[in-house]
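To keep things clear, I will list the structure first and then write my remarks on it.
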Protein chains: 2
Amino acid sequence: MGADFDGTLPYPVSSMRIKRGQVLTDFGQVESTAYFLNSGVVEIGILSYQTLKTLDFFFTGEFVCAYTSFLTQQPSDVRVVALTDCVAEVVRYHDLQIAYSQSLTANYVGRIMNEQAYLRKVRREKDFLTKTAEERYNDLLKTHPDYIIQIPVNKIARYLGIHPESLSRIRKKLNS
Amino acid sequence: MGADFDGTLPYPVSSMRIKRGQVLTDFGQVESTAYFLNSGVVEIGILSYQTLKTLDFFFTGEFVCAYTSFLTQQPSDVRVVALTDCVAEVVRYHDLQIAYSQSLTANYVGRIMNEQAYLRKVRREKDFLTKTAEERYNDLLKTHPDYIIQIPVNKIARYLGIHPESLSRIRKKLNS
């Protein structure tokens with residue numbers, strides 16, 4: 001591949017604007033769309049014993065959707081919500097399947113995207129096992145300082161898996 | 001793809017026997033090999049604050065390796081160990097890259113494998129958020145009853161993320 005891949009995608013891509021707070025995919029819906037974020041932040045949430053937990057945040061330059069539902073075409077057990085206004089490029093499941101059936105480029109891009117999705121997922125799992133909440137908050141500050149100020153504290157705390165009060169303590173410590 | 005894929009893989013595959021306890025990939029090594037398990041169980045472990053934690057078990061019919069290291073060719077932060085004697089089919093990183101550069105089938109198979117790896121990883125993450133240790137132990141008993149009796153209790157407890165004493169209580173409750 002490499003030299004032969006000219007960057008033209010073998011499936012239709014459209015652009016859309018998403019409003020802050022908009023639910024892109026709700027619990028129980030089958031995911032039909034993958035979003036590539038040109039700007040903005042999207043949260044993936046899951047219900048854990050009646051409590052909403054944050055599985056992940058997705059930022060500018062990343063693909064996001066209810067990916068398990070997208071791959072399996074089964075109802076989603078996660079909710080996809082825009083945390084800020086977003087601009088996204090949009091790919092439809094149906095268009096992607098057609099491309100996969102006939103295009104080397106589609107399968108090449110699909111493979112790489114899946115590898116990235118996997119690496120991302122594993123990195124977050126390992127971060128939880130090997131870093132403190134403070135270290136993970138520092139990582140977030142370093143990689144996405146522009147967005148952190150736009151996201152409510154309680155949502156950042158949920159992303160870190162800690163209480164908002166603990167996050168306040170971490171912030172105070174960093175500012176002192 | 002579908003009808004055109006005759007099951008012939010476009011890269012060399014060899015077979016190997018692995019002894020119980022054998023370390024396939026250690027911390028710090030770069031993963032050069034992916035294993036498809038014809039039989040046996042393999043554990044992926046990670047160090048979390050000096051303590052060995054179990055990221056996952058892999059069973060007959062599944063691919064296993066230090067996959068992040070395999071994809072990135074960076075030193076592994078996980079250890080891959082055979083929990084039982086295993087028979088595996090083996091694919092080398094280098095052979096796979098050659099195939100990816102020239103074969104639609106390779107990219108197709110690679111994409112599907114990555115999707116499966118992703119789905120598996122997410123399922124385990126969600127299980128931790130939405131199921132009790134007892135429910136997860138029951139799942140393990142249902143899906144892999146043959147292997148559970150071969151794996152030491154402390155390793156199963158580590159897989160479930162609980163103390164061995166808690167697992168003993170769960171087992172007693174199930175047997176009573």
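To be explicit about the labels: the chains of the structure tokens are called A, B, and onward in the order shown, and within each one the residues are counted from 1, while ligands get numbers from 1 in the order they are shown.
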
Pull the closest atom pair for each residue of chain A that gets at most 6 Å from chain B, along with the distance in Å to one decimal, counting only C-alpha atoms, ordering rows by chain and then ascending residue number, as JSON lines.
{"residue": "A:Met1", "atom": "CA", "partner": "B:Ser101", "partner_atom": "CA", "distance": 4.7}
{"residue": "A:Ser48", "atom": "CA", "partner": "B:Thr130", "partner_atom": "CA", "distance": 4.9}
{"residue": "A:Ser101", "atom": "CA", "partner": "B:Met1", "partner_atom": "CA", "distance": 4.6}
{"residue": "A:Leu104", "atom": "CA", "partner": "B:Leu104", "partner_atom": "CA", "distance": 5.1}
{"residue": "A:Asn107", "atom": "CA", "partner": "B:Tyr108", "partner_atom": "CA", "distance": 5.4}
{"residue": "A:Tyr108", "atom": "CA", "partner": "B:Asn107", "partner_atom": "CA", "distance": 5.4}
{"residue": "A:Gly110", "atom": "CA", "partner": "B:Arg111", "partner_atom": "CA", "distance": 6.0}
{"residue": "A:Arg111", "atom": "CA", "partner": "B:Arg111", "partner_atom": "CA", "distance": 3.9}
{"residue": "A:Asn114", "atom": "CA", "partner": "B:Asn114", "partner_atom": "CA", "distance": 5.6}
{"residue": "A:Tyr118", "atom": "CA", "partner": "B:Tyr118", "partner_atom": "CA", "distance": 5.2}
{"residue": "A:Leu129", "atom": "CA", "partner": "B:Ser48", "partner_atom": "CA", "distance": 5.5}
{"residue": "A:Thr130", "atom": "CA", "partner": "B:Ser48", "partner_atom": "CA", "distance": 4.9}

query: Near segment 28-37 of chain A, counting only C-alpha atoms, which residues have an atom at most 7 Å away, once you skip same-chain residues fewer than 2 positions from it, shown as JSON, numbers by chain?
result: {"A": [25, 26, 39, 40, 59, 60, 61, 62, 63, 64, 65, 66, 69, 70, 73, 74, 75, 76, 77, 87, 88, 89, 90, 91, 92, 93]}

* Distance of atom CA of Tyr159 of chain B from atom CA of Glu43 of chain B, expressed in Å to one decimal place ->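 Here the two named atoms are 8.8 Å from each other.
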
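Of the residues in segment 63-152 of chain A, those given strand (DSSP E or B) by DSSP on the backbone are Phe63, Val64, Val78, Arg79, Val80, Val81, Ala82, Cys86, Val87, Ala88, Glu89, Val90, Val91 and Arg92 of chain A.
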
Just write the chosen residues, C-alpha atoms, as a PDB file, in the first residue's frame.
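Generated file (out-v1.pdb):
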ATOM      1  CA  PHE A  63     -12.827   8.973  15.132  1.00  0.00           C
ATOM      2  CA  VAL A  64     -15.754   8.453  17.467  1.00  0.00           C
ATOM      3  CA  VAL A  78     -23.277   3.313  25.393  1.00  0.00           C
ATOM      4  CA  ARG A  79     -24.380   6.890  24.769  1.00  0.00           C
ATOM      5  CA  VAL A  80     -22.449   9.275  22.506  1.00  0.00           C
ATOM      6  CA  VAL A  81     -22.820  12.957  23.466  1.00  0.00           C
ATOM      7  CA  ALA A  82     -21.145  16.156  22.231  1.00  0.00           C
ATOM      8  CA  CYS A  86     -18.275  20.044  17.111  1.00  0.00           C
ATOM      9  CA  VAL A  87     -17.585  19.879  13.394  1.00  0.00           C
ATOM     10  CA  ALA A  88     -17.304  16.326  12.070  1.00  0.00           C
ATOM     11  CA  GLU A  89     -16.852  14.376   8.872  1.00  0.00           C
ATOM     12  CA  VAL A  90     -19.352  11.572   8.701  1.00  0.00           C
ATOM     13  CA  VAL A  91     -19.119   8.043   7.276  1.00  0.00           C
ATOM     14  CA  ARG A  92     -22.152   5.751   7.057  1.00  0.00           C
TER      15      ARG A  92
END

Query - For Ile156 of chain A: contacts at 9 Å, only C-alpha atoms, fewer than 5 positions along chain excluded, given as a PyMOL selection string - result: chain A and resi 54+137+148+151+161-162+164+167

Can I get the selection written as a PDB file, in the first residue's frame, with N, CA, C and O atoms?
ATOM      1  N   THR A  54     -18.168   7.445  32.537  1.00  0.00           N
ATOM      2  CA  THR A  54     -17.555   7.872  31.287  1.00  0.00           C
ATOM      3  C   THR A  54     -16.555   6.830  30.824  1.00  0.00           C
ATOM      4  O   THR A  54     -15.588   6.548  31.526  1.00  0.00           O
ATOM      5  N   TYR A 137      -4.878  13.368  35.125  1.00  0.00           N
ATOM      6  CA  TYR A 137      -5.370  14.727  34.906  1.00  0.00           C
ATOM      7  C   TYR A 137      -4.287  15.597  34.259  1.00  0.00           C
ATOM      8  O   TYR A 137      -4.567  16.375  33.342  1.00  0.00           O
ATOM      9  N   ILE A 148     -10.074  21.500  28.054  1.00  0.00           N
ATOM     10  CA  ILE A 148     -10.342  21.192  29.459  1.00  0.00           C
ATOM     11  C   ILE A 148     -11.146  22.313  30.120  1.00  0.00           C
ATOM     12  O   ILE A 148     -12.041  22.062  30.927  1.00  0.00           O
ATOM     13  N   ILE A 151     -14.976  21.996  29.478  1.00  0.00           N
ATOM     14  CA  ILE A 151     -15.736  20.835  29.954  1.00  0.00           C
ATOM     15  C   ILE A 151     -16.032  20.990  31.445  1.00  0.00           C
ATOM     16  O   ILE A 151     -15.125  21.291  32.221  1.00  0.00           O
ATOM     17  N   GLY A 161     -12.620   9.016  36.742  1.00  0.00           N
ATOM     18  CA  GLY A 161     -13.098   7.983  37.658  1.00  0.00           C
ATOM     19  C   GLY A 161     -12.967   8.385  39.116  1.00  0.00           C
ATOM     20  O   GLY A 161     -12.772   7.535  39.985  1.00  0.00           O
ATOM     21  N   ILE A 162     -13.046   9.700  39.401  1.00  0.00           N
ATOM     22  CA  ILE A 162     -12.948  10.168  40.792  1.00  0.00           C
ATOM     23  C   ILE A 162     -14.104  11.120  41.102  1.00  0.00           C
ATOM     24  O   ILE A 162     -14.835  11.536  40.212  1.00  0.00           O
ATOM     25  N   PRO A 164     -15.844  14.688  42.101  1.00  0.00           N
ATOM     26  CA  PRO A 164     -15.515  16.080  41.764  1.00  0.00           C
ATOM     27  C   PRO A 164     -14.689  16.759  42.856  1.00  0.00           C
ATOM     28  O   PRO A 164     -13.808  17.571  42.564  1.00  0.00           O
ATOM     29  N   LEU A 167     -11.103  15.970  42.415  1.00  0.00           N
ATOM     30  CA  LEU A 167     -10.531  16.735  41.302  1.00  0.00           C
ATOM     31  C   LEU A 167     -10.234  18.169  41.743  1.00  0.00           C
ATOM     32  O   LEU A 167      -9.195  18.729  41.384  1.00  0.00           O
TER      33      LEU A 167
END

Which value, in Å to one decimal, gives the distance between atom CA of Asp139 of chain B and atom CA of Gly21 of chain B?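 Distance reported for this atom pair: 24.7 Å.
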
Pairwise distance, atom CA of Val23 of chain A with atom CA of Phe57 of chain A, equals 14.1 Å

_Can you tell me which residues surround Val41 of chain A at a distance of at most 6 Å, considering only C-alpha atoms, apart from same-chain residues fewer than 5 positions away, and format the answer as JSON, numbers by chain?_
{"A": [58, 59, 83, 84]}

Any chance you can output those residues with N, CA, C and O atoms as a PDB file, in the first residue's frame?
ATOM      1  N   PHE A  58     -13.370  11.829  23.343  1.00  0.00           N
ATOM      2  CA  PHE A  58     -12.716  11.855  22.032  1.00  0.00           C
ATOM      3  C   PHE A  58     -12.549  13.308  21.597  1.00  0.00           C
ATOM      4  O   PHE A  58     -13.480  14.103  21.741  1.00  0.00           O
ATOM      5  N   PHE A  59     -11.369  13.621  21.067  1.00  0.00           N
ATOM      6  CA  PHE A  59     -11.000  15.003  20.756  1.00  0.00           C
ATOM      7  C   PHE A  59     -10.775  15.185  19.254  1.00  0.00           C
ATOM      8  O   PHE A  59     -10.779  14.217  18.481  1.00  0.00           O
ATOM      9  N   LEU A  83     -19.761  17.126  23.980  1.00  0.00           N
ATOM     10  CA  LEU A  83     -19.502  17.931  25.184  1.00  0.00           C
ATOM     11  C   LEU A  83     -19.290  19.399  24.842  1.00  0.00           C
ATOM     12  O   LEU A  83     -19.394  20.262  25.708  1.00  0.00           O
ATOM     13  N   THR A  84     -18.930  19.655  23.582  1.00  0.00           N
ATOM     14  CA  THR A  84     -18.782  21.024  23.071  1.00  0.00           C
ATOM     15  C   THR A  84     -19.429  21.050  21.685  1.00  0.00           C
ATOM     16  O   THR A  84     -19.780  19.992  21.147  1.00  0.00           O
TER      17      THR A  84
END

From the list B:Asp56, B:Glu134, B:Glu165, B:Asp95, the nearest residue to Ser14 of chain B using only C-alpha atoms is B:Asp95

If you run DSSP on this backbone, which residues of chain A come out as alpha helix (DSSP H), and could you give them as a CSV table (one decimal) with N, CA and C atoms, in the first residue's frame?
chain,number,residue,atom,x,y,z
A,67,TYR,N,-18.8,2.3,18.9
A,67,TYR,CA,-18.1,1.5,17.9
A,67,TYR,C,-18.5,0.0,18.0
A,68,THR,N,-18.7,-0.5,19.2
A,68,THR,CA,-19.2,-1.9,19.3
A,68,THR,C,-20.5,-2.1,18.5
A,69,SER,N,-21.4,-1.2,18.7
A,69,SER,CA,-22.7,-1.2,18.0
A,69,SER,C,-22.5,-1.1,16.5
A,70,PHE,N,-21.6,-0.2,16.1
A,70,PHE,CA,-21.2,0.1,14.7
A,70,PHE,C,-20.7,-1.2,14.0
A,71,LEU,N,-19.8,-1.9,14.8
A,71,LEU,CA,-19.2,-3.1,14.2
A,71,LEU,C,-20.2,-4.3,14.2
A,72,THR,N,-21.0,-4.4,15.2
A,72,THR,CA,-21.9,-5.6,15.4
A,72,THR,C,-23.3,-5.3,14.8
A,93,TYR,N,-22.3,3.5,7.9
A,93,TYR,CA,-22.0,2.1,8.0
A,93,TYR,C,-22.2,1.4,6.7
A,94,HIS,N,-23.3,1.7,6.1
A,94,HIS,CA,-23.7,1.0,4.9
A,94,HIS,C,-22.7,1.3,3.7
A,95,ASP,N,-22.3,2.5,3.6
A,95,ASP,CA,-21.3,2.9,2.6
A,95,ASP,C,-20.0,2.2,2.8
A,96,LEU,N,-19.6,2.1,4.1
A,96,LEU,CA,-18.4,1.5,4.5
A,96,LEU,C,-18.3,0.0,4.1
A,97,GLN,N,-19.5,-0.7,4.3
A,97,GLN,CA,-19.5,-2.1,4.0
A,97,GLN,C,-19.4,-2.4,2.5
A,98,ILE,N,-20.0,-1.5,1.7
A,98,ILE,CA,-19.8,-1.6,0.2
A,98,ILE,C,-18.4,-1.4,-0.1
A,99,ALA,N,-17.7,-0.4,0.5
A,99,ALA,CA,-16.3,-0.2,0.1
A,99,ALA,C,-15.5,-1.3,0.6
A,100,TYR,N,-15.7,-1.9,1.8
A,100,TYR,CA,-14.9,-3.0,2.2
A,100,TYR,C,-15.0,-4.2,1.3
A,101,SER,N,-16.1,-4.4,0.6
A,101,SER,CA,-16.4,-5.5,-0.2
A,101,SER,C,-15.6,-5.4,-1.6
A,102,GLN,N,-15.1,-4.2,-1.9
A,102,GLN,CA,-14.5,-4.1,-3.2
A,102,GLN,C,-13.2,-3.3,-3.2
A,104,LEU,N,-9.3,-2.4,-1.8
A,104,LEU,CA,-8.1,-2.6,-1.0
A,104,LEU,C,-7.9,-1.4,-0.1
A,105,THR,N,-8.0,-0.2,-0.6
A,105,THR,CA,-7.8,1.0,0.2
A,105,THR,C,-8.8,1.0,1.4
A,106,ALA,N,-10.0,0.7,1.2
A,106,ALA,CA,-11.0,0.7,2.3
A,106,ALA,C,-10.5,-0.3,3.4
A,107,ASN,N,-10.1,-1.5,3.0
A,107,ASN,CA,-9.7,-2.5,4.0
A,107,ASN,C,-8.4,-2.0,4.7
A,108,TYR,N,-7.5,-1.4,3.9
A,108,TYR,CA,-6.3,-0.9,4.5
A,108,TYR,C,-6.6,0.2,5.5
A,109,VAL,N,-7.4,1.2,5.1
A,109,VAL,CA,-7.8,2.3,6.1
A,109,VAL,C,-8.5,1.7,7.3
A,110,GLY,N,-9.4,0.8,7.0
A,110,GLY,CA,-10.2,0.1,8.1
A,110,GLY,C,-9.3,-0.6,9.1
A,111,ARG,N,-8.3,-1.3,8.5
A,111,ARG,CA,-7.4,-2.0,9.4
A,111,ARG,C,-6.6,-1.0,10.3
A,112,ILE,N,-6.1,0.0,9.7
A,112,ILE,CA,-5.3,1.0,10.5
A,112,ILE,C,-6.2,1.7,11.5
A,113,MET,N,-7.4,2.0,11.1
A,113,MET,CA,-8.3,2.7,12.1
A,113,MET,C,-8.6,1.8,13.3
A,114,ASN,N,-8.8,0.5,13.0
A,114,ASN,CA,-9.1,-0.4,14.0
A,114,ASN,C,-7.9,-0.6,15.0
A,115,GLU,N,-6.7,-0.6,14.4
A,115,GLU,CA,-5.5,-0.7,15.2
A,115,GLU,C,-5.4,0.5,16.1
A,116,GLN,N,-5.7,1.7,15.6
A,116,GLN,CA,-5.7,2.9,16.4
A,116,GLN,C,-6.7,2.8,17.5
A,117,ALA,N,-7.9,2.4,17.2
A,117,ALA,CA,-9.0,2.3,18.2
A,117,ALA,C,-8.6,1.3,19.3
A,118,TYR,N,-7.9,0.2,18.9
A,118,TYR,CA,-7.5,-0.8,19.9
A,118,TYR,C,-6.4,-0.2,20.8
A,119,LEU,N,-5.4,0.4,20.2
A,119,LEU,CA,-4.3,1.0,20.9
A,119,LEU,C,-4.8,2.0,22.0
A,120,ARG,N,-5.7,2.8,21.5
A,120,ARG,CA,-6.3,3.9,22.3
A,120,ARG,C,-7.0,3.3,23.6
A,121,LYS,N,-7.8,2.3,23.3
A,121,LYS,CA,-8.6,1.6,24.3
A,121,LYS,C,-7.6,1.0,25.4
A,122,VAL,N,-6.6,0.3,24.9
A,122,VAL,CA,-5.6,-0.4,25.8
A,122,VAL,C,-4.9,0.7,26.6
A,123,ARG,N,-4.5,1.8,26.0
A,123,ARG,CA,-3.7,2.8,26.7
A,123,ARG,C,-4.5,3.3,27.8
A,124,ARG,N,-5.8,3.6,27.6
A,124,ARG,CA,-6.7,4.1,28.7
A,124,ARG,C,-6.8,3.0,29.8
A,125,GLU,N,-7.0,1.8,29.5
A,125,GLU,CA,-7.0,0.7,30.5
A,125,GLU,C,-5.7,0.7,31.3
A,126,LYS,N,-4.6,0.7,30.6
A,126,LYS,CA,-3.3,0.7,31.3
A,126,LYS,C,-3.1,1.9,32.2
A,127,ASP,N,-3.5,3.1,31.7
A,127,ASP,CA,-3.4,4.3,32.5
A,127,ASP,C,-4.1,4.2,33.8
A,128,PHE,N,-5.3,3.6,33.8
A,128,PHE,CA,-6.0,3.4,35.0
A,128,PHE,C,-5.3,2.5,36.0
A,129,LEU,N,-4.6,1.5,35.4
A,129,LEU,CA,-3.9,0.5,36.3
A,129,LEU,C,-2.5,1.1,36.8
A,130,THR,N,-1.9,2.0,36.0
A,130,THR,CA,-0.5,2.3,36.4
A,130,THR,C,-0.3,3.8,36.7
A,133,ALA,N,-4.9,9.4,39.6
A,133,ALA,CA,-5.8,10.3,39.0
A,133,ALA,C,-5.1,11.6,38.7
A,134,GLU,N,-4.2,12.0,39.6
A,134,GLU,CA,-3.5,13.3,39.4
A,134,GLU,C,-2.6,13.2,38.1
A,135,GLU,N,-1.9,12.1,37.9
A,135,GLU,CA,-1.1,11.9,36.7
A,135,GLU,C,-2.0,11.9,35.5
A,136,ARG,N,-3.1,11.3,35.5
A,136,ARG,CA,-4.0,11.2,34.4
A,136,ARG,C,-4.6,12.6,34.1
A,137,TYR,N,-4.9,13.4,35.1
A,137,TYR,CA,-5.4,14.7,34.9
A,137,TYR,C,-4.3,15.6,34.3
A,138,ASN,N,-3.1,15.4,34.7
A,138,ASN,CA,-1.9,16.1,34.1
A,138,ASN,C,-1.8,15.8,32.6
A,139,ASP,N,-1.9,14.5,32.3
A,139,ASP,CA,-1.8,14.1,30.9
A,139,ASP,C,-2.9,14.8,30.1
A,140,LEU,N,-4.1,14.9,30.6
A,140,LEU,CA,-5.2,15.5,29.9
A,140,LEU,C,-4.9,17.0,29.7
A,141,LEU,N,-4.4,17.6,30.8
A,141,LEU,CA,-4.0,19.1,30.7
A,141,LEU,C,-3.0,19.3,29.6
A,142,LYS,N,-2.0,18.4,29.5
A,142,LYS,CA,-0.9,18.6,28.6
A,142,LYS,C,-1.4,18.4,27.1
A,143,THR,N,-2.2,17.3,26.9
A,143,THR,CA,-2.6,17.0,25.6
A,143,THR,C,-3.8,17.9,25.1
A,145,PRO,N,-5.2,21.2,26.6
A,145,PRO,CA,-5.4,22.3,27.5
A,145,PRO,C,-6.6,23.2,27.0
A,146,ASP,N,-6.8,23.3,25.7
A,146,ASP,CA,-7.8,24.2,25.2
A,146,ASP,C,-9.2,23.7,25.5
A,147,TYR,N,-9.4,22.4,25.5
A,147,TYR,CA,-10.7,21.9,25.7
A,147,TYR,C,-11.1,21.7,27.2
A,148,ILE,N,-10.1,21.5,28.1
A,148,ILE,CA,-10.3,21.2,29.5
A,148,ILE,C,-11.1,22.3,30.1
A,153,VAL,N,-16.5,20.5,35.4
A,153,VAL,CA,-15.6,19.7,36.3
A,153,VAL,C,-16.2,18.3,36.6
A,154,ASN,N,-17.5,18.2,36.8
A,154,ASN,CA,-18.1,16.9,37.1
A,154,ASN,C,-17.8,15.9,36.0
A,155,LYS,N,-17.8,16.4,34.8
A,155,LYS,CA,-17.6,15.5,33.6
A,155,LYS,C,-16.1,15.0,33.5
A,156,ILE,N,-15.2,16.0,33.8
A,156,ILE,CA,-13.8,15.6,33.9
A,156,ILE,C,-13.5,14.6,35.0
A,157,ALA,N,-14.2,14.8,36.1
A,157,ALA,CA,-14.0,13.9,37.3
A,157,ALA,C,-14.5,12.5,36.9
A,158,ARG,N,-15.6,12.5,36.2
A,158,ARG,CA,-16.2,11.2,35.8
A,158,ARG,C,-15.2,10.5,34.8
A,159,TYR,N,-14.6,11.3,33.9
A,159,TYR,CA,-13.6,10.7,33.0
A,159,TYR,C,-12.4,10.1,33.7
A,160,LEU,N,-12.0,10.8,34.8
A,160,LEU,CA,-10.9,10.3,35.6
A,160,LEU,C,-11.3,9.2,36.6
A,164,PRO,N,-15.8,14.7,42.1
A,164,PRO,CA,-15.5,16.1,41.8
A,164,PRO,C,-14.7,16.8,42.9
A,165,GLU,N,-14.9,16.4,44.1
A,165,GLU,CA,-14.2,17.0,45.2
A,165,GLU,C,-12.7,16.6,45.1
A,166,SER,N,-12.4,15.4,44.7
A,166,SER,CA,-11.0,14.9,44.6
A,166,SER,C,-10.4,15.7,43.5
A,167,LEU,N,-11.1,16.0,42.4
A,167,LEU,CA,-10.5,16.7,41.3
A,167,LEU,C,-10.2,18.2,41.7
A,168,SER,N,-11.1,18.8,42.5
A,168,SER,CA,-10.9,20.1,43.1
A,168,SER,C,-9.6,20.1,43.9
A,169,ARG,N,-9.4,19.1,44.7
A,169,ARG,CA,-8.2,19.1,45.5
A,169,ARG,C,-6.9,19.0,44.6
A,170,ILE,N,-7.0,18.2,43.5
A,170,ILE,CA,-5.9,18.0,42.6
A,170,ILE,C,-5.6,19.4,41.9
A,171,ARG,N,-6.7,20.1,41.5
A,171,ARG,CA,-6.5,21.3,40.8
A,171,ARG,C,-5.9,22.4,41.8
A,172,LYS,N,-6.4,22.4,43.0
A,172,LYS,CA,-5.8,23.4,44.0
A,172,LYS,C,-4.3,23.1,44.2
A,173,LYS,N,-4.0,21.9,44.3
A,173,LYS,CA,-2.6,21.5,44.5
A,173,LYS,C,-1.7,21.9,43.3
A,174,LEU,N,-2.2,21.7,42.1
A,174,LEU,CA,-1.5,22.1,40.9
A,174,LEU,C,-1.3,23.6,40.8
A,175,ASN,N,-2.3,24.4,41.3
A,175,ASN,CA,-2.3,25.8,41.2
A,175,ASN,C,-1.5,26.5,42.3
